[in-house]
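Enquirer: My questions will all concern the structure given below.
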Amino acid sequence: MNNKSDVENKIQAVFEKEKPVKKILKGSIIYHQGDKARCFYYLKKGRVKVVMTSADGMEKTLSTASAGEILGEAAFFDKMPRISSAYALTNIEVVSVDEAKLLSLIKDNPKLALELLEIQATRIRQLSSQIDAITFMKADGRIASLLLRSASSNIVNYTHEEIAGIVGVSRVTVSKILNRFKREGLLKTDYGKIVLINTVELKRISQG
């Protein structure tokens with residue numbers, strides 16, 4: 001099933017054929033927090049975790065990326081040091097996109113610039129929602145909110161550990177709450193995916 005938005009599918013169609021393709025092993029770093037961004041990346045294969053590390057070494061998961069997504073583009077566009085690091089959760093394949101390549105792609109696909117802006121706006125909105133959730137919501141509300149804003153066609157691809165890192169609770173807490181949601185008929189799990197069933201009730205929970 002294709003769970004990506006229309007704009008993500010359009011971006012995927014543009015970047016999928018680009019070369020060269022770099023293979024990176026599971027556990028390897030793709031870029032470091034604090035680095036100057038000379039490019040961003042299109043993820044052709046695998047999964048990536050994006051994290052922010054505090055001065056005392058505490059690590060916060062910001063998001064995960066799957067095949068067909070771009071990552072590291074914010075620092076590339078604003079010309080500031082990267083505020084996060086990215087690690088390969090699996091063996092991955094990426095294409096790096098520097099300024100010259102991007103300008104060439106936009107020349108051939110003028111709407112690509114607007115599509116990239118739309119992706120950026122969506123991510124800013126998602127990060128704002130994360131901050132609000134961590135600040136004001138109880139754990140079940142945080143998790144319900146994350147599920148709703150991360151779902152495409154009512155499917156969420158996060159693991160329990162990834163949810164825990166994003167909403168700022170323990171993995172045990174995530175498992176307990178998801179099991180409760182499952183018993184109440186709000187969702188089900190299917191081959192490693194979370195399938196949302198009762199989004200109306202999840203929305204009510206997310207609103208406290």
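Just remember, in the structure tokens the first chain shown is A, the second B, etc., residues are 1-based per chain, and ligands are 1-based in the order shown.
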Considering only strand (DSSP E) as DSSP defines it on the backbone, what residues of segment 36-177 of chain A qualify? List them as a VMD selection string.

Expert: chain A and resid 40 to 45 47 to 53 59 to 66 70 to 71 85 to 88 92 to 97 155 to 156

Enquirer: Show me, as a ChimeraX atom specification, the residues that have an atom within 12 Å of Lys101 of chain A when counting only C-alpha atoms, minus same-chain residues fewer than 2 positions from it.

Expert: /A:14-15,18-20,38-41,95-99,103-108

Enquirer: Can you write out the residues you just picked, keeping N, CA and C atoms, as a PDB file, in the first residue's frame?

Expert:
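The result, written out as result-v9.pdb:
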```pdb
ATOM      1  N   VAL A  14      10.856  12.504  -8.658  1.00  0.00           N
ATOM      2  CA  VAL A  14      11.964  13.328  -9.154  1.00  0.00           C
ATOM      3  C   VAL A  14      13.314  12.761  -8.722  1.00  0.00           C
ATOM      4  N   PHE A  15      13.441  12.415  -7.433  1.00  0.00           N
ATOM      5  CA  PHE A  15      14.739  12.032  -6.885  1.00  0.00           C
ATOM      6  C   PHE A  15      15.090  10.558  -7.085  1.00  0.00           C
ATOM      7  N   GLU A  18      17.877   9.663  -9.523  1.00  0.00           N
ATOM      8  CA  GLU A  18      19.156  10.364  -9.423  1.00  0.00           C
ATOM      9  C   GLU A  18      20.284   9.429  -8.970  1.00  0.00           C
ATOM     10  N   LYS A  19      21.492   9.767  -9.407  1.00  0.00           N
ATOM     11  CA  LYS A  19      22.698   9.019  -9.065  1.00  0.00           C
ATOM     12  C   LYS A  19      23.811  10.004  -8.742  1.00  0.00           C
ATOM     13  N   PRO A  20      24.906   9.551  -8.099  1.00  0.00           N
ATOM     14  CA  PRO A  20      25.189   8.181  -7.683  1.00  0.00           C
ATOM     15  C   PRO A  20      24.447   7.793  -6.403  1.00  0.00           C
ATOM     16  N   ARG A  38      26.268  20.791   3.311  1.00  0.00           N
ATOM     17  CA  ARG A  38      26.574  21.086   1.909  1.00  0.00           C
ATOM     18  C   ARG A  38      25.616  20.359   0.960  1.00  0.00           C
ATOM     19  N   CYS A  39      24.770  19.503   1.529  1.00  0.00           N
ATOM     20  CA  CYS A  39      23.797  18.764   0.724  1.00  0.00           C
ATOM     21  C   CYS A  39      22.676  18.282   1.636  1.00  0.00           C
ATOM     22  N   PHE A  40      21.606  17.783   1.041  1.00  0.00           N
ATOM     23  CA  PHE A  40      20.632  17.003   1.780  1.00  0.00           C
ATOM     24  C   PHE A  40      20.538  15.635   1.115  1.00  0.00           C
ATOM     25  N   TYR A  41      19.710  14.744   1.626  1.00  0.00           N
ATOM     26  CA  TYR A  41      19.728  13.362   1.177  1.00  0.00           C
ATOM     27  C   TYR A  41      18.326  12.878   0.797  1.00  0.00           C
ATOM     28  N   VAL A  95      20.891   9.131  -1.926  1.00  0.00           N
ATOM     29  CA  VAL A  95      21.438  10.001  -2.969  1.00  0.00           C
ATOM     30  C   VAL A  95      21.646  11.370  -2.335  1.00  0.00           C
ATOM     31  N   SER A  96      22.850  11.924  -2.416  1.00  0.00           N
ATOM     32  CA  SER A  96      23.092  13.263  -1.891  1.00  0.00           C
ATOM     33  C   SER A  96      22.730  14.294  -2.959  1.00  0.00           C
ATOM     34  N   VAL A  97      22.112  15.380  -2.507  1.00  0.00           N
ATOM     35  CA  VAL A  97      21.654  16.437  -3.421  1.00  0.00           C
ATOM     36  C   VAL A  97      22.312  17.745  -2.995  1.00  0.00           C
ATOM     37  N   ASP A  98      23.266  18.227  -3.794  1.00  0.00           N
ATOM     38  CA  ASP A  98      23.910  19.503  -3.490  1.00  0.00           C
ATOM     39  C   ASP A  98      23.211  20.625  -4.255  1.00  0.00           C
ATOM     40  N   GLU A  99      23.734  21.841  -4.118  1.00  0.00           N
ATOM     41  CA  GLU A  99      23.057  22.998  -4.715  1.00  0.00           C
ATOM     42  C   GLU A  99      22.980  22.895  -6.233  1.00  0.00           C
ATOM     43  N   LEU A 103      19.419  22.786  -8.271  1.00  0.00           N
ATOM     44  CA  LEU A 103      19.062  23.817  -9.251  1.00  0.00           C
ATOM     45  C   LEU A 103      18.759  23.198 -10.613  1.00  0.00           C
ATOM     46  N   SER A 104      19.518  22.179 -10.971  1.00  0.00           N
ATOM     47  CA  SER A 104      19.271  21.489 -12.236  1.00  0.00           C
ATOM     48  C   SER A 104      17.920  20.782 -12.220  1.00  0.00           C
ATOM     49  N   LEU A 105      17.588  20.159 -11.091  1.00  0.00           N
ATOM     50  CA  LEU A 105      16.302  19.463 -10.976  1.00  0.00           C
ATOM     51  C   LEU A 105      15.137  20.446 -11.009  1.00  0.00           C
ATOM     52  N   ILE A 106      15.299  21.592 -10.345  1.00  0.00           N
ATOM     53  CA  ILE A 106      14.230  22.598 -10.341  1.00  0.00           C
ATOM     54  C   ILE A 106      14.053  23.195 -11.734  1.00  0.00           C
ATOM     55  N   LYS A 107      15.155  23.344 -12.461  1.00  0.00           N
ATOM     56  CA  LYS A 107      15.057  23.860 -13.834  1.00  0.00           C
ATOM     57  C   LYS A 107      14.192  22.945 -14.694  1.00  0.00           C
ATOM     58  N   ASP A 108      14.353  21.639 -14.494  1.00  0.00           N
ATOM     59  CA  ASP A 108      13.571  20.664 -15.263  1.00  0.00           C
ATOM     60  C   ASP A 108      12.182  20.439 -14.662  1.00  0.00           C
TER      61      ASP A 108
END
```

Enquirer: Report as a PyMOL selection string: the residues of segment 71-181 of chain A with a DSSP assignment of helix (DSSP H, G or I), based on the backbone of this structure.

Expert: chain A and resi 73-78+99-108+112-136+139-150+160-167+171-181

Enquirer: Taking into account only C-alpha atoms, which residue in the set A:Met80, A:Leu71, A:Val51, A:Val94 is nearest to Lys23 of chain A?

Expert: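 Comparing A:Met80, A:Leu71, A:Val51, A:Val94 against Lys23 of chain A, the winner is A:Val94.
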